[in-house]
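A.B. asks: coords_3.json is reproduced below (JSON, C-alpha atoms).
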[["chain", "number", "residue", "atom", "x", "y", "z"],
["A", 18, "MET", "CA", -8.01, 32.02, -40.72],
["A", 19, "LYS", "CA", -6.96, 33.92, -43.85],
["A", 20, "SER", "CA", -8.55, 31.17, -45.95],
["A", 21, "LEU", "CA", -11.84, 31.43, -44.11],
["A", 22, "ILE", "CA", -11.90, 35.20, -44.52],
["A", 23, "LEU", "CA", -11.02, 34.90, -48.21],
["A", 24, "ALA", "CA", -13.70, 32.25, -48.77],
["A", 25, "THR", "CA", -16.34, 34.33, -46.96],
["A", 26, "ALA", "CA", -15.41, 37.38, -49.03],
["A", 27, "ALA", "CA", -15.60, 35.31, -52.22],
["A", 28, "VAL", "CA", -19.07, 34.01, -51.42],
["A", 29, "ALA", "CA", -20.27, 37.50, -50.46],
["A", 30, "ALA", "CA", -18.84, 39.00, -53.66],
["A", 31, "LEU", "CA", -20.38, 36.30, -55.83],
["A", 32, "ALA", "CA", -23.73, 36.70, -54.08],
["A", 33, "ALA", "CA", -23.69, 40.42, -54.93],
["A", 34, "VAL", "CA", -22.76, 39.81, -58.58],
["A", 35, "PRO", "CA", -26.26, 38.90, -59.87],
["A", 36, "ALA", "CA", -27.81, 42.03, -58.39],
["A", 37, "ALA", "CA", -25.11, 44.29, -59.78],
["A", 38, "ALA", "CA", -25.18, 42.64, -63.20],
["A", 39, "SER", "CA", -28.97, 42.79, -63.51],
["A", 40, "ALA", "CA", -28.91, 46.48, -62.63],
["A", 41, "GLN", "CA", -26.52, 47.07, -65.54],
["A", 42, "SER", "CA", -28.09, 44.75, -68.07],
["A", 43, "MET", "CA", -31.25, 42.81, -68.81],
["A", 44, "ASN", "CA", -29.18, 39.64, -69.28],
["A", 45, "GLN", "CA", -28.74, 37.54, -66.17],
["A", 46, "PRO", "CA", -25.28, 36.07, -65.56],
["A", 47, "GLU", "CA", -24.89, 32.31, -65.61],
["A", 48, "ILE", "CA", -24.35, 31.25, -62.00],
["A", 49, "TYR", "CA", -22.65, 27.88, -61.61],
["A", 50, "GLY", "CA", -21.25, 25.63, -58.91],
["A", 51, "ALA", "CA", -18.82, 22.74, -59.11],
["A", 52, "LEU", "CA", -17.84, 19.98, -56.71],
["A", 53, "GLY", "CA", -14.98, 17.60, -57.37],
["A", 54, "TYR", "CA", -11.60, 16.13, -56.55],
["A", 55, "ALA", "CA", -8.25, 17.86, -56.98],
["A", 56, "HIS", "CA", -4.78, 16.28, -57.04],
["A", 57, "ALA", "CA", -1.88, 18.61, -56.17],
["A", 58, "ASP", "CA", 1.80, 17.93, -56.85],
["A", 59, "ALA", "CA", 3.92, 20.31, -54.79],
["A", 60, "ASP", "CA", 7.65, 19.62, -54.94],
["A", 61, "ASP", "CA", 7.97, 16.04, -53.55],
["A", 62, "VAL", "CA", 4.45, 15.93, -52.06],
["A", 63, "ALA", "CA", 1.23, 14.66, -53.68],
["A", 64, "LEU", "CA", -1.98, 15.71, -51.91],
["A", 65, "GLY", "CA", -5.68, 15.28, -52.63],
["A", 66, "ALA", "CA", -8.61, 17.57, -51.85],
["A", 67, "ILE", "CA", -12.36, 17.92, -52.19],
["A", 68, "GLN", "CA", -12.84, 21.16, -54.06],
["A", 69, "GLY", "CA", -15.87, 23.41, -54.44],
["A", 70, "ARG", "CA", -16.34, 26.37, -56.75],
["A", 71, "LEU", "CA", -18.97, 29.04, -57.17],
["A", 72, "GLY", "CA", -18.87, 31.26, -60.26],
["A", 73, "ALA", "CA", -20.69, 33.81, -62.35],
["A", 74, "LYS", "CA", -20.31, 34.01, -66.14],
["A", 75, "PHE", "CA", -21.37, 37.55, -67.16],
["A", 76, "ASN", "CA", -21.29, 36.99, -70.91],
["A", 77, "PRO", "CA", -20.05, 34.22, -73.22],
["A", 78, "TYR", "CA", -16.43, 35.32, -72.67],
["A", 79, "PHE", "CA", -15.90, 36.56, -69.09],
["A", 80, "GLY", "CA", -16.68, 35.51, -65.54],
["A", 81, "VAL", "CA", -15.37, 35.21, -61.98],
["A", 82, "GLU", "CA", -15.19, 32.30, -59.59],
["A", 83, "GLY", "CA", -14.26, 31.48, -56.03],
["A", 84, "GLU", "CA", -12.72, 28.21, -54.97],
["A", 85, "LEU", "CA", -12.46, 26.43, -51.62],
["A", 86, "ALA", "CA", -10.72, 23.08, -51.00],
["A", 87, "PHE", "CA", -10.18, 20.79, -48.00],
["A", 88, "GLY", "CA", -7.51, 18.09, -47.90],
["A", 89, "VAL", "CA", -8.55, 14.43, -47.98],
["A", 90, "LYS", "CA", -5.35, 12.63, -49.09],
["A", 91, "ASP", "CA", -2.08, 13.11, -47.21],
["A", 92, "ASP", "CA", 1.48, 12.18, -48.17],
["A", 93, "SER", "CA", 4.76, 11.32, -46.44],
["A", 94, "ILE", "CA", 8.21, 12.57, -47.28],
["A", 95, "ALA", "CA", 11.67, 11.54, -46.07],
["A", 96, "VAL", "CA", 13.26, 14.33, -44.03],
["A", 97, "ALA", "CA", 16.31, 12.38, -42.85],
["A", 98, "PRO", "CA", 17.55, 8.79, -43.13],
["A", 99, "GLY", "CA", 14.92, 6.68, -41.37],
["A", 100, "VAL", "CA", 12.73, 9.70, -40.51],
["A", 101, "SER", "CA", 9.63, 10.64, -42.46],
["A", 102, "ALA", "CA", 7.14, 13.48, -42.11],
["A", 103, "ASP", "CA", 3.44, 13.41, -42.84],
["A", 104, "VAL", "CA", 2.10, 16.30, -44.92],
["A", 105, "GLU", "CA", -1.58, 17.22, -45.12],
["A", 106, "LEU", "CA", -3.51, 20.01, -46.79],
["A", 107, "ASN", "CA", -5.78, 21.72, -44.30],
["A", 108, "HIS", "CA", -7.50, 24.05, -46.77],
["A", 109, "SER", "CA", -7.03, 26.46, -49.64],
["A", 110, "ALA", "CA", -9.12, 29.27, -51.09],
["A", 111, "ALA", "CA", -8.78, 31.46, -54.18],
["A", 112, "LEU", "CA", -10.56, 34.03, -56.36],
["A", 113, "TYR", "CA", -10.24, 34.03, -60.16],
["A", 114, "ALA", "CA", -11.04, 36.06, -63.25],
["A", 115, "VAL", "CA", -12.09, 33.60, -65.97],
["A", 116, "GLY", "CA", -12.01, 33.96, -69.76],
["A", 117, "PHE", "CA", -14.26, 31.57, -71.69],
["A", 118, "LEU", "CA", -14.12, 30.38, -75.30],
["A", 119, "PRO", "CA", -17.41, 28.77, -76.39],
["A", 120, "VAL", "CA", -16.73, 25.82, -78.74],
["A", 121, "SER", "CA", -20.30, 24.46, -78.98],
["A", 122, "PRO", "CA", -23.64, 25.11, -77.25],
["A", 123, "ASN", "CA", -22.71, 22.50, -74.60],
["A", 124, "ALA", "CA", -18.95, 23.03, -74.30],
["A", 125, "ASP", "CA", -16.46, 25.76, -73.58],
["A", 126, "LEU", "CA", -12.78, 26.11, -72.85],
["A", 127, "PHE", "CA", -11.50, 28.54, -70.25],
["A", 128, "ALA", "CA", -8.38, 30.19, -68.88],
["A", 129, "ARG", "CA", -8.24, 31.69, -65.42],
["A", 130, "VAL", "CA", -5.93, 33.80, -63.28],
["A", 131, "GLY", "CA", -6.27, 34.57, -59.61],
["A", 132, "TYR", "CA", -4.87, 34.83, -56.13],
["A", 133, "GLY", "CA", -5.13, 32.29, -53.33],
["A", 134, "THR", "CA", -4.06, 31.17, -49.90],
["A", 135, "THR", "CA", -3.19, 27.66, -48.71],
["A", 136, "GLU", "CA", -2.59, 26.11, -45.29],
["A", 137, "ALA", "CA", -0.80, 22.78, -44.79],
["A", 138, "GLU", "CA", 0.47, 20.86, -41.78],
["A", 139, "VAL", "CA", 3.66, 18.82, -41.44],
["A", 140, "SER", "CA", 4.13, 16.26, -38.64],
["A", 141, "ALA", "CA", 7.26, 14.27, -37.75],
["A", 142, "ALA", "CA", 8.37, 12.47, -34.60],
["A", 143, "GLY", "CA", 5.43, 13.76, -32.58],
["A", 144, "VAL", "CA", 5.98, 17.40, -33.57],
["A", 145, "SER", "CA", 3.76, 19.25, -35.99],
["A", 146, "ALA", "CA", 3.83, 22.67, -37.60],
["A", 147, "LYS", "CA", 1.42, 24.58, -39.79],
["A", 148, "ALA", "CA", 2.56, 26.45, -42.84],
["A", 149, "ASP", "CA", 0.56, 28.84, -44.98],
["A", 150, "GLY", "CA", 1.31, 30.63, -48.18],
["A", 151, "GLU", "CA", -0.26, 32.99, -50.65],
["A", 152, "SER", "CA", -0.01, 32.35, -54.35],
["A", 153, "TRP", "CA", -0.69, 33.71, -57.80],
["A", 154, "ASN", "CA", -2.61, 31.04, -59.68],
["A", 155, "PHE", "CA", -3.25, 30.49, -63.39],
["A", 156, "GLY", "CA", -4.65, 27.66, -65.42],
["A", 157, "VAL", "CA", -6.77, 26.26, -68.24],
["A", 158, "GLY", "CA", -9.60, 23.79, -68.59],
["A", 159, "GLY", "CA", -12.87, 22.86, -70.19],
["A", 160, "ARG", "CA", -16.52, 22.24, -69.36],
["A", 161, "TYR", "CA", -19.01, 19.98, -71.11],
["A", 162, "PHE", "CA", -22.72, 20.01, -70.30],
["A", 163, "LEU", "CA", -24.80, 16.88, -70.85],
["A", 164, "ASP", "CA", -27.99, 18.95, -70.79],
["A", 165, "GLY", "CA", -28.74, 22.61, -70.13],
["A", 166, "GLN", "CA", -27.62, 22.48, -66.50],
["A", 167, "ASN", "CA", -25.49, 19.43, -65.61],
["A", 168, "GLY", "CA", -22.00, 18.73, -66.80],
["A", 169, "PHE", "CA", -18.37, 17.97, -66.06],
["A", 170, "ARG", "CA", -15.28, 20.09, -65.75],
["A", 171, "ALA", "CA", -11.57, 19.27, -66.01],
["A", 172, "ASP", "CA", -8.78, 21.75, -65.40],
["A", 173, "TYR", "CA", -5.16, 22.38, -64.56],
["A", 174, "THR", "CA", -4.00, 25.19, -62.26],
["A", 175, "ARG", "CA", -0.47, 26.28, -61.42],
["A", 176, "GLN", "CA", 0.05, 27.86, -58.00],
["A", 177, "GLU", "CA", 3.17, 30.06, -57.69],
["A", 178, "PHE", "CA", 3.69, 30.74, -53.98],
["A", 179, "GLN", "CA", 5.18, 34.04, -52.88],
["A", 180, "ASN", "CA", 8.41, 34.50, -50.91],
["A", 181, "ASP", "CA", 10.11, 31.48, -52.48],
["A", 182, "GLY", "CA", 7.32, 29.23, -51.17],
["A", 183, "GLY", "CA", 7.54, 26.90, -54.14],
["A", 184, "LYS", "CA", 4.89, 25.88, -56.62],
["A", 185, "ALA", "CA", 2.10, 23.36, -57.03],
["A", 186, "ASP", "CA", 0.47, 21.77, -60.06],
["A", 187, "VAL", "CA", -3.21, 21.05, -59.40],
["A", 188, "TRP", "CA", -5.34, 18.79, -61.63],
["A", 189, "SER", "CA", -9.07, 18.55, -60.97],
["A", 190, "LEU", "CA", -12.22, 16.82, -62.17],
["A", 191, "ALA", "CA", -15.65, 18.04, -61.06],
["A", 192, "TYR", "CA", -19.39, 17.86, -61.54],
["A", 193, "VAL", "CA", -20.67, 21.31, -62.54],
["A", 194, "ARG", "CA", -24.22, 22.66, -62.40],
["A", 195, "LYS", "CA", -25.71, 25.87, -63.75],
["A", 196, "PHE", "CA", -28.30, 27.50, -61.49]]
Translate this file's structure into structure tokens.

C.D. replies:
Amino acid sequence: MKSLILATAAVAALAAVPAAASAQSMNQPEIYGALGYAHADADDVALGAIQGRLGAKFNPYFGVEGELAFGVKDDSIAVAPGVSADVELNHSAALYAVGFLPVSPNADLFARVGYGTTEAEVSAAGVSAKADGESWNFGVGGRYFLDGQNGFRADYTRQEFQNDGGKADVWSLAYVRKF
């Protein structure tokens, strides 16, 4: 539920960004969306997700983005000799501040830092339990646009979960479109 609330707040905040930015400046922010696949390595578990992002780039160097992901690839781990548990990502959501470094008219590099929430489910021997955690996230990546609006994005994000909840390394590839 926290993820849904966070995602709704992210979309609402990003929807308000163009109006606020245009009131302050004649320059419109670059609004972009991305849809892709993410691979997460968390301790001994490797999970996959479909990931969507919505962002606003206010100037060549700064922006914000929201991210929402739903699990599509599960994993199994050994919990005892002869007993394994299935692990699946239900969903995750996060908000980020993003710093951009333009390297050409069609390409930029970026670094981002944010806060997120993740929910997973573990099942073994007919018993299942949900686990959720909040994390500080940081990462780097790049975007390349084939034309003025359509391109690709690759990035790495590290999730550091609070309360000794562990960590996850997330690699993603996505199609990105400027609106």

A.B. asks: If we count all atoms listed in the file and set the cut-off at 9 Å, which residues sit around Glu151 (chain A), ignoring sequence neighbours fewer than 3 positions away in its own chain? Please answer as an MDAnalysis selection string.

C.D. replies: chainID A and resid 132:135 176:180 182

A.B. asks: What box, with edges along x, y and z, holds each listed atom of region 118-128 of chain A when 4 Å is added on every side, and can you state its centre and edge lengths in Å to one decimal, as lines of an AutoDock Vina configuration file?

C.D. replies:
center_x = -16.0
center_y = 26.4
center_z = -73.9
size_x = 23.3
size_y = 15.9
size_z = 18.1

A.B. asks: Tell me, counting all atoms listed in the file, for each residue of region 114-146 of chain A within 8 Å of region 87-102 of chain A, which pair of atoms is nearest and how far apart they are in Å to one decimal, in rows ordered by chain and increasing number, as CSV.

C.D. replies:
residue,atom,partner,partner_atom,distance
A:Val139,CA,A:Ala102,CA,6.4
A:Ser140,CA,A:Ala102,CA,5.4
A:Ala141,CA,A:Ala102,CA,4.4
A:Ala142,CA,A:Ala102,CA,7.7

A.B. asks: May I ask which of the residues A:Pro119, A:Gly150, A:Gly50, A:Gly131 is the closest one to Gly183 (chain A), counting only C-alpha atoms?

C.D. replies: A:Gly150

A.B. asks: So what do you get for CA of Asn76 (chain A) versus CA of Pro46 (chain A), distance-wise?

C.D. replies: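 So the two atoms, CA of Asn76 (chain A) and CA of Pro46 (chain A), lie 6.7 Å apart.
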
A.B. asks: How far is it from CA of Phe117 (chain A) to CA of Ser152 (chain A), in Å with one decimal?

C.D. replies: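 Going from CA of Phe117 (chain A) over to CA of Ser152 (chain A), I get 22.5 Å.
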
A.B. asks: Could you tell me how far CA of Leu106 (chain A) sits from CA of Thr174 (chain A), in Å to one decimal place?

C.D. replies: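 Between CA of Thr174 (chain A) and CA of Leu106 (chain A) the gap is 16.3 Å.
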
A.B. asks: Determine the nearest neighbour of Ala124 (chain A) from the options A:Val104, A:Ala171, A:Ala59, A:Ala137, counting only C-alpha atoms.

C.D. replies: A:Ala171

A.B. asks: Hey, which of A:Tyr113, A:Tyr173, A:Tyr161, A:Phe127 ends up closest to Arg70 (chain A)? Count only C-alpha atoms.

C.D. replies: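 Closest candidate: A:Tyr113.
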
A.B. asks: Name the closest residue to Leu112 (chain A) among the candidates A:Gly158, A:Gly143, A:Gly72, A:Gly168; distances are taken between atoms, counting all atoms listed in the file.

C.D. replies: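 Closest residue, counting all atoms listed in the file: A:Gly72.
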
A.B. asks: Phe162 (chain A): which residues within 10 Å, counting all atoms listed in the file, same-chain residues fewer than 5 positions away excluded, as a VMD selection string?

C.D. replies: chain A and resid 122 to 125 167 to 170 192 to 195

A.B. asks: Could you check which of A:Ala185, A:Ala114, A:Leu190, A:Val120 is closest to Gly80 (chain A), using only C-alpha atoms?

C.D. replies: A:Ala114

A.B. asks: Between A:Arg129, A:His56, A:His108, A:Arg175, single out the one closest to Ala191 (chain A), counting only C-alpha atoms.

C.D. replies: A:His56

A.B. asks: Show me, as a list in words, the residues that have an atom within 7 Å of Leu85 (chain A) when counting all atoms listed in the file, minus same-chain residues fewer than 3 positions from it.

C.D. replies: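 Using all atoms listed in the file, the neighbours found are Ala24, Gln68, Gly69, Arg70, Ser109, Ala110 and Ala111 of chain A.
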